[in-house]
Structures are given as C-alpha cells and as structure tokens.
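The next block is start-v4.pdb, given as PDB, C-alpha atoms and all ligand atoms.
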ATOM      1  CA  MET A 100      71.868  88.062  89.638
ATOM      2  CA  GLN A 101      74.595  86.989  92.087
ATOM      3  CA  VAL A 102      78.214  87.584  91.034
ATOM      4  CA  LYS A 103      78.835  83.830  90.976
ATOM      5  CA  ASP A 104      75.865  83.108  88.681
ATOM      6  CA  GLN A 105      76.814  86.011  86.435
ATOM      7  CA  THR A 106      80.344  84.606  86.053
ATOM      8  CA  ILE A 107      79.100  81.082  85.365
ATOM      9  CA  SER A 108      76.704  82.284  82.699
ATOM     10  CA  TYR A 109      79.304  84.609  81.098
ATOM     11  CA  PHE A 110      81.907  81.841  80.716
ATOM     12  CA  LYS A 111      79.345  79.192  79.713
ATOM     13  CA  ASN A 112      79.040  80.936  76.350
ATOM     14  CA  LYS A 113      82.737  81.712  76.001
ATOM     15  CA  ALA A 114      84.224  78.322  76.901
ATOM     16  CA  SER A 115      84.293  76.513  73.556
ATOM     17  CA  LYS A 116      85.915  79.487  71.810
ATOM     18  CA  TYR A 117      88.033  80.756  74.678
ATOM     19  CA  ASP A 118      91.363  79.384  73.426
ATOM     20  CA  LEU A 119      91.000  81.292  70.146
ATOM     21  CA  VAL A 120      92.597  84.218  72.017
ATOM     22  CA  GLU A 121      95.869  82.441  71.298
ATOM     23  CA  GLU A 122      95.474  83.292  67.620
ATOM     24  CA  GLN A 123      95.353  87.027  68.297
ATOM     25  CA  ALA A 124      98.716  88.721  67.736
ATOM     26  CA  TYR A 125      98.305  91.016  70.733
ATOM     27  CA  TRP A 126      97.647  88.155  73.145
ATOM     28  CA  GLN A 127     100.541  86.177  71.666
ATOM     29  CA  LEU A 128     102.806  89.033  72.723
ATOM     30  CA  SER A 129     101.194  89.352  76.149
ATOM     31  CA  ASP A 130     101.296  85.570  76.714
ATOM     32  CA  LYS A 131     104.962  85.390  75.720
ATOM     33  CA  LEU A 132     105.795  88.040  78.332
ATOM     34  CA  LEU A 133     103.586  86.357  80.926
ATOM     35  CA  TRP A 134     105.238  82.999  80.328
ATOM     36  CA  ASP A 135     108.697  84.611  80.695
ATOM     37  CA  CYS A 136     107.634  86.131  84.024
ATOM     38  CA  LEU A 137     106.028  82.913  85.255
ATOM     39  CA  SER A 138     108.856  80.590  84.197
ATOM     40  CA  THR A 139     111.418  82.818  85.950
ATOM     41  CA  ILE A 140     109.620  81.902  89.186
ATOM     42  CA  LEU A 141     108.990  78.243  88.289
ATOM     43  CA  ASN A 142     112.714  77.796  87.595
ATOM     44  CA  LYS A 143     113.445  78.647  91.236
ATOM     45  CA  LEU A 144     111.223  75.827  92.543
ATOM     46  CA  PRO A 145     112.165  72.176  93.141
ATOM     47  CA  LYS A 146     111.764  70.201  89.883
ATOM     48  CA  ASP A 147     108.778  68.261  91.271
ATOM     49  CA  PHE A 148     106.857  71.367  92.342
ATOM     50  CA  THR A 149     103.087  71.494  92.774
ATOM     51  CA  PHE A 150     100.984  74.430  91.524
ATOM     52  CA  LEU A 151      97.462  75.762  91.906
ATOM     53  CA  ASP A 152      96.047  77.464  88.801
ATOM     54  CA  ALA A 153      93.278  79.429  90.529
ATOM     55  CA  GLY A 154      90.474  80.302  88.105
ATOM     56  CA  GLY A 155      92.440  78.251  85.591
ATOM     57  CA  GLY A 156      89.543  78.093  83.101
ATOM     58  CA  THR A 157      90.384  76.021  80.018
ATOM     59  CA  GLY A 158      93.738  75.081  81.558
ATOM     60  CA  ARG A 159      95.904  77.028  79.117
ATOM     61  CA  TRP A 160      98.552  77.805  81.753
ATOM     62  CA  SER A 161      98.316  74.480  83.589
ATOM     63  CA  GLU A 162      98.857  72.575  80.355
ATOM     64  CA  LYS A 163     101.856  74.712  79.399
ATOM     65  CA  ILE A 164     103.488  74.182  82.781
ATOM     66  CA  LEU A 165     102.886  70.414  82.784
ATOM     67  CA  GLU A 166     104.334  70.121  79.283
ATOM     68  CA  ASN A 167     107.414  72.185  80.054
ATOM     69  CA  TYR A 168     108.094  70.839  83.552
ATOM     70  CA  PRO A 169     107.753  67.052  83.301
ATOM     71  CA  LEU A 170     107.955  66.402  87.060
ATOM     72  CA  ALA A 171     105.483  69.114  88.066
ATOM     73  CA  LYS A 172     101.957  68.366  89.299
ATOM     74  CA  GLY A 173      99.064  70.757  89.422
ATOM     75  CA  TYR A 174      95.513  71.675  90.275
ATOM     76  CA  THR A 175      93.256  73.669  87.978
ATOM     77  CA  TYR A 176      90.416  75.091  90.067
ATOM     78  CA  ASP A 177      87.493  76.952  88.476
ATOM     79  CA  LEU A 178      83.821  77.794  88.896
ATOM     80  CA  SER A 179      82.837  77.038  85.318
ATOM     81  CA  GLU A 180      82.206  73.418  84.302
ATOM     82  CA  GLU A 181      82.208  74.469  80.643
ATOM     83  CA  MET A 182      85.670  76.062  80.904
ATOM     84  CA  LEU A 183      86.949  73.028  82.835
ATOM     85  CA  ASN A 184      85.571  70.642  80.204
ATOM     86  CA  GLU A 185      88.041  72.190  77.759
ATOM     87  CA  ALA A 186      90.829  71.531  80.275
ATOM     88  CA  ARG A 187      89.606  67.950  80.789
ATOM     89  CA  ARG A 188      89.826  67.374  77.043
ATOM     90  CA  LYS A 189      93.449  68.575  76.992
ATOM     91  CA  LYS A 190      94.267  66.369  79.970
ATOM     92  CA  GLU A 191      92.997  63.312  78.037
ATOM     93  CA  ASP A 192      94.617  64.288  74.733
ATOM     94  CA  LYS A 193      98.018  64.975  76.240
ATOM     95  CA  ARG A 194      97.899  61.993  78.641
ATOM     96  CA  LEU A 195      98.514  64.185  81.650
ATOM     97  CA  ASN A 196      96.176  62.177  83.876
ATOM     98  CA  ASN A 197      98.458  61.408  86.771
ATOM     99  CA  ARG A 198      99.849  64.942  87.093
ATOM    100  CA  TRP A 199      96.779  67.123  86.478
ATOM    101  CA  ASN A 200      93.946  67.451  88.969
ATOM    102  CA  ILE A 201      90.949  69.446  87.713
ATOM    103  CA  ILE A 202      88.441  70.623  90.317
ATOM    104  CA  GLN A 203      85.211  72.588  90.001
ATOM    105  CA  GLY A 204      84.533  74.992  92.845
ATOM    106  CA  ASP A 205      84.425  78.537  94.156
ATOM    107  CA  LEU A 206      87.696  80.257  95.054
ATOM    108  CA  HIS A 207      86.012  81.890  98.067
ATOM    109  CA  ASN A 208      85.975  78.459  99.682
ATOM    110  CA  ILE A 209      88.502  76.089  98.096
ATOM    111  CA  LYS A 210      87.627  72.442  98.606
ATOM    112  CA  LEU A 211      89.509  69.192  97.953
ATOM    113  CA  ILE A 212      92.981  70.749  98.206
ATOM    114  CA  GLU A 213      94.842  70.406 101.512
ATOM    115  CA  ASN A 214      96.250  73.493 103.226
ATOM    116  CA  ASN A 215     100.010  74.166 102.755
ATOM    117  CA  LYS A 216     100.051  71.874  99.723
ATOM    118  CA  VAL A 217     101.382  73.856  96.729
ATOM    119  CA  ASP A 218     104.698  75.588  95.983
ATOM    120  CA  ILE A 219     103.038  78.244  93.845
ATOM    121  CA  ALA A 220      99.475  79.480  93.340
ATOM    122  CA  PHE A 221      98.691  81.843  90.511
ATOM    123  CA  ASN A 222      95.567  83.505  89.138
ATOM    124  CA  PHE A 223      95.815  84.883  85.622
ATOM    125  CA  HIS A 224      93.673  87.153  83.457
ATOM    126  CA  ASN A 225      90.903  88.858  85.353
ATOM    127  CA  VAL A 226      90.198  86.044  87.860
ATOM    128  CA  LEU A 227      90.417  88.523  90.754
ATOM    129  CA  GLY A 228      88.374  90.906  88.618
ATOM    130  CA  PHE A 229      85.474  88.461  88.333
ATOM    131  CA  VAL A 230      85.306  87.225  91.928
ATOM    132  CA  LYS A 231      83.034  88.855  94.501
ATOM    133  CA  ASN A 232      85.708  89.475  97.127
ATOM    134  CA  PRO A 233      89.329  89.529  95.863
ATOM    135  CA  GLU A 234      90.772  89.898  99.375
ATOM    136  CA  LYS A 235      88.976  86.797 100.638
ATOM    137  CA  VAL A 236      90.024  84.851  97.520
ATOM    138  CA  ILE A 237      93.699  85.754  97.982
ATOM    139  CA  ASN A 238      93.402  84.657 101.621
ATOM    140  CA  GLU A 239      91.869  81.336 100.590
ATOM    141  CA  ILE A 240      94.463  80.768  97.841
ATOM    142  CA  MET A 241      97.248  81.600 100.291
ATOM    143  CA  SER A 242      96.072  78.934 102.732
ATOM    144  CA  LYS A 243      96.878  76.299 100.084
ATOM    145  CA  VAL A 244     100.462  77.566  99.612
ATOM    146  CA  LYS A 245     103.392  76.186 101.609
ATOM    147  CA  SER A 246     105.295  78.581 103.834
ATOM    148  CA  GLY A 247     107.838  80.377 101.598
ATOM    149  CA  GLY A 248     105.798  79.517  98.487
ATOM    150  CA  TYR A 249     104.703  81.989  95.815
ATOM    151  CA  ILE A 250     101.367  83.739  95.223
ATOM    152  CA  VAL A 251     101.204  85.369  91.787
ATOM    153  CA  SER A 252      98.385  87.430  90.253
ATOM    154  CA  PHE A 253      97.857  88.955  86.813
ATOM    155  CA  VAL A 254      95.041  91.491  87.126
ATOM    156  CA  PRO A 255      93.399  94.227  85.043
ATOM    157  CA  SER A 256      94.607  97.789  85.583
ATOM    158  CA  VAL A 257      92.323 100.711  86.446
ATOM    159  CA  TYR A 258      94.487 103.078  84.423
ATOM    160  CA  HIS A 259      94.361 100.944  81.317
ATOM    161  CA  ALA A 260      90.574 100.524  81.593
ATOM    162  CA  ILE A 261      90.146 104.311  81.731
ATOM    163  CA  PHE A 262      92.427 104.776  78.708
ATOM    164  CA  PHE A 263      90.747 101.976  76.750
ATOM    165  CA  ASN A 264      87.227 103.320  77.272
ATOM    166  CA  ILE A 265      88.261 106.876  76.399
ATOM    167  CA  SER A 266      89.943 105.581  73.217
ATOM    168  CA  LEU A 267      86.584 104.118  72.160
ATOM    169  CA  GLY A 268      84.670 107.259  73.148
ATOM    170  CA  HIS A 269      82.998 105.457  76.075
ATOM    171  CA  ILE A 270      83.369 108.298  78.533
ATOM    172  CA  GLU A 271      80.763 107.106  81.071
ATOM    173  CA  GLU A 272      82.508 103.715  81.221
ATOM    174  CA  ALA A 273      85.854 105.485  81.736
ATOM    175  CA  LYS A 274      84.353 107.360  84.717
ATOM    176  CA  LYS A 275      83.017 104.112  86.187
ATOM    177  CA  ALA A 276      86.424 102.434  85.738
ATOM    178  CA  SER A 277      88.012 105.203  87.782
ATOM    179  CA  ASN A 278      86.048 103.840  90.776
ATOM    180  CA  LYS A 279      87.836 100.487  90.350
ATOM    181  CA  LYS A 280      84.856  98.641  88.856
ATOM    182  CA  GLY A 281      84.760  98.603  85.092
ATOM    183  CA  ARG A 282      84.330  96.699  81.881
ATOM    184  CA  PHE A 283      85.731  96.594  78.364
ATOM    185  CA  THR A 284      82.629  95.492  76.444
ATOM    186  CA  ALA A 285      78.919  96.053  76.946
ATOM    187  CA  GLU A 286      78.174  92.337  77.286
ATOM    188  CA  MET A 287      80.619  91.598  80.090
ATOM    189  CA  PRO A 288      79.883  92.087  83.801
ATOM    190  CA  TYR A 289      81.582  94.918  85.705
ATOM    191  CA  ILE A 290      84.801  93.567  87.189
ATOM    192  CA  HIS A 291      87.248  94.736  89.869
ATOM    193  CA  LEU A 292      90.147  96.776  88.524
ATOM    194  CA  PHE A 293      93.413  97.363  90.346
ATOM    195  CA  THR A 294      96.270  99.813  90.689
ATOM    196  CA  PRO A 295      99.723  98.596  91.721
ATOM    197  CA  LYS A 296      98.984  99.933  95.214
ATOM    198  CA  SER A 297      95.507  98.418  95.561
ATOM    199  CA  ILE A 298      96.667  94.908  94.623
ATOM    200  CA  GLU A 299      99.750  95.261  96.821
ATOM    201  CA  ASP A 300      97.457  96.315  99.707
ATOM    202  CA  ILE A 301      95.486  93.091  99.324
ATOM    203  CA  TYR A 302      98.723  91.125  99.588
ATOM    204  CA  ILE A 303      99.865  93.147 102.610
ATOM    205  CA  LYS A 304      96.493  92.702 104.395
ATOM    206  CA  ASN A 305      96.939  88.944 103.972
ATOM    207  CA  SER A 306     100.497  89.157 105.383
ATOM    208  CA  ILE A 307     101.984  88.085 102.052
ATOM    209  CA  GLU A 308     105.469  89.438 101.503
ATOM    210  CA  LYS A 309     105.466  91.386  98.254
ATOM    211  CA  GLU A 310     108.454  90.651  96.019
ATOM    212  CA  TYR A 311     107.675  92.864  93.001
ATOM    213  CA  THR A 312     104.922  94.290  90.777
ATOM    214  CA  LEU A 313     105.224  94.637  87.000
ATOM    215  CA  GLY A 314     102.767  95.774  84.329
ATOM    216  CA  PHE A 315     102.657  94.706  80.694
ATOM    217  CA  PRO A 316     102.325  95.024  77.764
ATOM    218  CA  ALA A 317     103.224  98.634  78.425
ATOM    219  CA  PHE A 318     103.862  99.983  74.920
ATOM    220  CA  ILE A 319     101.129  98.404  72.786
ATOM    221  CA  TYR A 320      97.510  98.073  73.877
ATOM    222  CA  PRO A 321      94.649  95.879  72.735
ATOM    223  CA  GLY A 322      91.981  97.347  70.482
ATOM    224  CA  TYR A 323      88.258  96.558  70.747
ATOM    225  CA  GLN A 324      88.663  93.330  68.772
ATOM    226  CA  GLU A 325      91.149  91.931  71.307
ATOM    227  CA  THR A 326      88.463  92.094  74.006
ATOM    228  CA  GLN A 327      86.545  89.596  71.862
ATOM    229  CA  LEU A 328      87.790  86.042  71.515
ATOM    230  CA  GLU A 329      88.142  86.247  67.741
ATOM    231  CA  GLY A 330      89.475  88.727  65.254
ATOM    232  CA  ASN A 331      92.287  91.265  65.310
ATOM    233  CA  THR A 332      92.086  95.056  65.347
ATOM    234  CA  GLU A 333      93.641  95.880  61.963
ATOM    235  CA  LYS A 334      96.156  98.420  63.243
ATOM    236  CA  ILE A 335      97.432  96.124  66.023
ATOM    237  CA  LYS A 336      97.585  93.187  63.637
ATOM    238  CA  ASP A 337      99.385  95.241  60.968
ATOM    239  CA  ILE A 338     102.042  96.173  63.488
ATOM    240  CA  LEU A 339     102.488  92.777  65.110
ATOM    241  CA  GLU A 340     102.160  90.433  62.130
ATOM    242  CA  ASN A 341     105.626  91.392  60.900
ATOM    243  CA  GLU A 342     107.846  88.951  62.820
ATOM    244  CA  GLU A 343     110.759  91.334  63.043
ATOM    245  CA  VAL A 344     108.569  94.120  64.420
ATOM    246  CA  PHE A 345     106.911  91.686  66.848
ATOM    247  CA  ASN A 346     110.348  90.692  68.160
ATOM    248  CA  THR A 347     111.516  94.294  68.443
ATOM    249  CA  ILE A 348     108.415  95.229  70.469
ATOM    250  CA  TYR A 349     108.838  92.096  72.597
ATOM    251  CA  GLN A 350     112.461  93.082  73.338
ATOM    252  CA  LEU A 351     111.408  96.655  74.168
ATOM    253  CA  GLU A 352     108.742  95.352  76.537
ATOM    254  CA  LYS A 353     111.278  93.010  78.174
ATOM    255  CA  SER A 354     113.877  95.713  78.639
ATOM    256  CA  PHE A 355     111.394  97.932  80.510
ATOM    257  CA  LEU A 356     109.831  95.218  82.677
ATOM    258  CA  THR A 357     110.413  97.075  85.928
ATOM    259  CA  GLU A 358     108.315  98.400  88.802
ATOM    260  CA  GLU A 359     108.683 101.863  87.290
ATOM    261  CA  THR A 360     106.621 101.013  84.193
ATOM    262  CA  ALA A 361     104.024  98.879  86.032
ATOM    263  CA  SER A 362     101.301 101.547  85.869
ATOM    264  CA  ARG A 363     101.545 101.658  82.066
ATOM    265  CA  GLY A 364     100.697  97.957  81.762
ATOM    266  CA  ASN A 365      97.406  96.622  80.433
ATOM    267  CA  ASN A 366      97.598  94.056  83.242
ATOM    268  CA  LEU A 367      99.518  94.058  86.525
ATOM    269  CA  PHE A 368     101.717  91.136  87.538
ATOM    270  CA  ILE A 369     102.333  90.847  91.256
ATOM    271  CA  VAL A 370     104.553  88.306  92.988
ATOM    272  CA  GLY A 371     104.469  87.628  96.714
ATOM    273  CA  ARG A 372     105.645  84.948  99.129
ATOM    274  CA  LYS A 373     103.834  83.368 102.024
ATOM    275  CA  LYS A 374     105.663  84.019 105.284
TER
HETATM  276  C1  LIG B 401      89.225  85.333  82.000
HETATM  277  S1  LIG B 401      89.155  83.682  82.605
HETATM  278  C2  LIG B 401      90.884  83.312  82.792
HETATM  279  C3  LIG B 401      91.179  81.835  82.661
HETATM  280  C4  LIG B 401      92.651  81.464  82.828
HETATM  281  N1  LIG B 401      93.160  81.891  84.122
HETATM  282  C5  LIG B 401      93.505  82.020  81.713
HETATM  283  O1  LIG B 401      94.375  82.874  81.991
HETATM  284  O2  LIG B 401      93.345  81.576  80.566
HETATM  285  C6  LIG B 401      88.621  83.894  84.301
HETATM  286  C7  LIG B 401      88.265  82.578  84.971
HETATM  287  O3  LIG B 401      88.005  82.822  86.359
HETATM  288  C8  LIG B 401      86.982  81.920  86.760
HETATM  289  N2  LIG B 401      86.354  82.403  88.013
HETATM  290  C9  LIG B 401      85.733  83.594  88.199
HETATM  291  N3  LIG B 401      85.232  83.661  89.464
HETATM  292  C10 LIG B 401      85.568  82.494  90.077
HETATM  293  C11 LIG B 401      85.339  81.968  91.387
HETATM  294  N4  LIG B 401      84.675  82.655  92.320
HETATM  295  N5  LIG B 401      85.823  80.733  91.676
HETATM  296  C12 LIG B 401      86.495  80.021  90.733
HETATM  297  N6  LIG B 401      86.739  80.472  89.483
HETATM  298  C13 LIG B 401      86.281  81.692  89.148
HETATM  299  C14 LIG B 401      86.036  81.919  85.576
HETATM  300  O4  LIG B 401      85.150  80.824  85.601
HETATM  301  C15 LIG B 401      87.018  81.911  84.397
HETATM  302  O5  LIG B 401      87.311  80.613  83.969
END
Please go through the file and, once you have read it, give me the structure as structure tokens.
Amino acid sequence: MQVKDQTISYFKNKASKYDLVEEQAYWQLSDKLLWDCLSTILNKLPKDFTFLDAGGGTGRWSEKILENYPLAKGYTYDLSEEMLNEARRKKEDKRLNNRWNIIQGDLHNIKLIENNKVDIAFNFHNVLGFVKNPEKVINEIMSKVKSGGYIVSFVPSVYHAIFFNISLGHIEEAKKASNKKGRFTAEMPYIHLFTPKSIEDIYIKNSIEKEYTLGFPAFIYPGYQETQLEGNTEKIKDILENEEVFNTIYQLEKSFLTEETASRGNNLFIVGRKK
C-alpha cells in the first residue's frame, strides 16, 4: 500500500476518538508545554497573524489558537477527511467560520493556499513522521510562509523510540527505530523518526534559518497506554493525577527547556525562520 493510502486508512479509524488524548494525564502535560512553546512565538507576531496548521488533523491546535488570538486567521490542511470532519464540527460549534479555513490535501503538493501567505506554519505530532518525504513537505510548507515568518515542527525522536521499545521488551522494534524508521504499536505504520541533527539538517537543506531545537517532555515518558487514544498507564497516571506533583514536574520540565536537554525529549520541537 502507498504511504498516503496507509495514512488515510490509519486515521480513518482514529478520527472520531482522536481528541480523547486530551484526557490522558501525560498528554495534558506535553500539550501544556507545547502550548507554552507555541504561544511564545505567536506572541511575537502581529495580532492579526495568519497560520498554517500543516497536518492539523482534528484541528486541536488551530482551534486553540483561534480562541486565544481573536484577530488571528488560519488554515488547517490535512490528508484525512475523517480527521478534518472533526475540525469542521468545531468550526461550526465555535462560530469560527470567517477565520478558519479547512482544506483537504496532501502536504507534498499544497493547493488552495497562496505562496508567501502565512506568518507561521507548524506541523505537530508525527506529521513529518507519517509523510513520505519530510524534506519535500518542509519545502512545500515553507513556500507558503512569508519571508521572515516561522516554520515550527514537533517530531518524534529516534532516541525515545529506541528507549520506549526496549522498555516494552520489543528489541527488534528498537533496532529498527535506530535506522530512523520506527513505530510504537504493532498496528501503526512505520514512521520517520528524527534526531535534533537530522531535523535541523532538513531545515538547513531548505535554507531555513534555525532558531532553536528543544525536546520534551524530558523527565517523564509515555507508557504503552499513552500510545493508544484512551486509557492511562497506571504508574504515569498515579504520578501525574496529583495536581501538586503535576505542577512540580511541569515546572521542572520548563526549567530545563534548553537545547542541552533536547535529546532526552519524547518529541523534538524545532523553530526556524524563512530567509
Ligand atoms: C498524529 S496526527 C496529528 C494531528 C495534529 N497535528 C495534532 O497535533 O493533533 C498526524 C496528521 O498528519 C496527517 N498527515 C499525514 N500525512 C499527510 C500528508 N501527506 N498530507 C497531509 N496530512 C498528512 C494525518 O492525516 C493526521 O491527521
């Protein structure tokens, strides 16, 4: 099966339950850190900025931006109609019609968005992992960004994938992950995995000026259950369900959000600017 068809069929079954990830304590922590990192950049933009949420899926990040930045406008672009239907529902419910443009298409060849149109383009949570050619996709995304605008990615780490598979006793999968193609569950396709250097190289090859690379969460990792959309691994939940402990871990994560700890992160967060 082609990569594109594999991705469409994988997310077809996930779409209606995808947003349940927000109920998992681990992802609440990760999302809180991701939102901090994203909003630091959004706060530097003009108030009426335009964004491209590349591989935006159910529109979780687009919706959050539009709600928190009332003059912002955005595009959510994704391959999966089923994922986008969830976003369309939110757009209706929240009356975000005139500020939210939802488009179905392939990131290897972005249609219906003019070049040099957006102030920031971001791709979050494995989008670059699932695509056939991450370098081509970054090039295509970059063409939509204004000169001086931001290109931000949040991608899965090779090192974490090796650790995760070893922790479950999946040694063959850990070996495969070391070759930068891996997976976290048996039912998912193999996806691209990145090191800080390999994602930075993709930016450099596309003449994007790298600003910084971070990696997080760096001190608490998801268990098997957090690779599913529902349920919590008991140990992770036990730790994070205490609000005080959650906040302490969040503060620890924040205080070590530097390039030095990037390689420890479950996911890598890279920020670059178009020249
Ligand atoms: C794990 S989901 C992440 C969704 C969203 N970014 C988030 O953080 O909630 C990955 C998304 O990438 C999309 N995707 C994968 N390959 C794509 C491609 N070639 N073109 C457009 N979207 C793609 C999938 O359809 C899916 O919705």
> For ligand LIG 401 (chain B), which residue among A:Leu292, A:Ala124, A:Ala153, A:Val370 is the nearest when counting all atoms listed in the file?
Replying inline: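 Looking only at the distances to ligand LIG 401 (chain B), the closest residue turns out to be A:Ala153.
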>> Going by the chain IDs and residue numbers used in this file, which residues fall under the PyMOL selection byres (((chain A and resi 154) around 6) and not hetatm)? Write them as a VMD selection string.
In response: chain A and resid 153 155 to 156 176 to 177 226
>> Let me make sure I understand: among A:Ser115, A:Thr332, A:Asn225, A:Asn184, which one has the smallest atom-to-atom distance to ligand LIG 401 (chain B) if we use only C-alpha atoms and all ligand atoms?
In response: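 For ligand LIG 401 (chain B), the nearest of the candidates is A:Asn225.
This file gives the following result for the PyMOL selection byres (((chain A and resi 198) around 12) and not hetatm): Asp147, Phe148, Thr149, Phe150, Ser161, Glu162, Ile164, Leu165, Glu166, Tyr168, Pro169, Leu170, Ala171, Lys172, Gly173, Tyr174, Thr175, Lys190, Glu191, Lys193, Arg194, Leu195, Asn196, Asn197, Trp199, Asn200 and Ile201 of chain A.
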> Between A:Thr139, A:Asn214, A:Asn341, A:Asn222, which is the closest to ligand LIG 401 (chain B) once you count all atoms listed in the file?
Replying inline: A:Asn222
> In Å, how far is it from atom CA of Gln105 of chain A to atom CA of Ala285 of chain A?
Replying inline: 14.0 Å
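Minimum distance to Thr294 of chain A across A:Met100, A:Ser138, A:Asn365, A:Asp337 (counting all atoms listed in the file) occurs at A:Asn365.
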>> Neighbours of ligand LIG 401 (chain B) at 8 Å or closer, counting only C-alpha atoms and all ligand atoms: which residues, as a ChimeraX atom specification?
In response: /A:103,106-107,110,117-118,152-160,176-179,182-183,203-207,222-231,236
> Hey, what's within 12 Å of Leu339 of chain A if we count only C-alpha atoms and toss same-chain stuff fewer than 2 positions away? As a PyMOL selection string, please?
Replying inline: chain A and resi 123-129+319-321+331-337+341-349
>> Translate the PyMOL selection byres (((chain A and resi 280) around 7) and not hetatm) into a concrete residue list for this structure, as JSON, numbers by chain.
In response: {"A": [275, 276, 278, 279, 281, 289, 290, 291, 292]}
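Minimum distance to Glu286 of chain A across A:Lys113, A:Lys235, A:Lys243, A:His259 (counting only C-alpha atoms) occurs at A:Lys113.
Nearest to Asn366 of chain A of all the residues A:Tyr311, A:Phe221, A:Phe293, A:Phe283 is A:Phe293, based on all atoms listed in the file.
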> What lies within 9 Å of Thr284 of chain A using all atoms listed in the file, ignoring chain neighbours under 4 positions off, as an MDAnalysis selection string?
Replying inline: chainID A and resid 288 323 326:327
Listing only residues of segment 215-260 of chain A within 9 Å of segment 298-306 of chain A, what is the closest atom pair and its distance in Å (to one decimal) for each, using only C-alpha atoms, sorted by chain and residue number ascending, as CSV?
residue,atom,partner,partner_atom,distance
A:Pro233,CA,A:Ile301,CA,7.9
A:Glu234,CA,A:Ile301,CA,5.7
A:Lys235,CA,A:Asn305,CA,8.9
A:Ile237,CA,A:Asn305,CA,7.5
A:Asn238,CA,A:Asn305,CA,6.0
A:Met241,CA,A:Asn305,CA,8.2
A:Ile250,CA,A:Tyr302,CA,9.0
A:Ser252,CA,A:Ile298,CA,8.8
A:Val254,CA,A:Ile298,CA,8.4
Those selected residues, please, written with C-alpha atoms and delivered as a PDB file, keeping the file's coordinate frame.
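File result.pdb, as written:
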ATOM      1  CA  PRO A 233      89.329  89.529  95.863  1.00  0.00           C
ATOM      2  CA  GLU A 234      90.772  89.898  99.375  1.00  0.00           C
ATOM      3  CA  LYS A 235      88.976  86.797 100.638  1.00  0.00           C
ATOM      4  CA  ILE A 237      93.699  85.754  97.982  1.00  0.00           C
ATOM      5  CA  ASN A 238      93.402  84.657 101.621  1.00  0.00           C
ATOM      6  CA  MET A 241      97.248  81.600 100.291  1.00  0.00           C
ATOM      7  CA  ILE A 250     101.367  83.739  95.223  1.00  0.00           C
ATOM      8  CA  SER A 252      98.385  87.430  90.253  1.00  0.00           C
ATOM      9  CA  VAL A 254      95.041  91.491  87.126  1.00  0.00           C
TER      10      VAL A 254
END
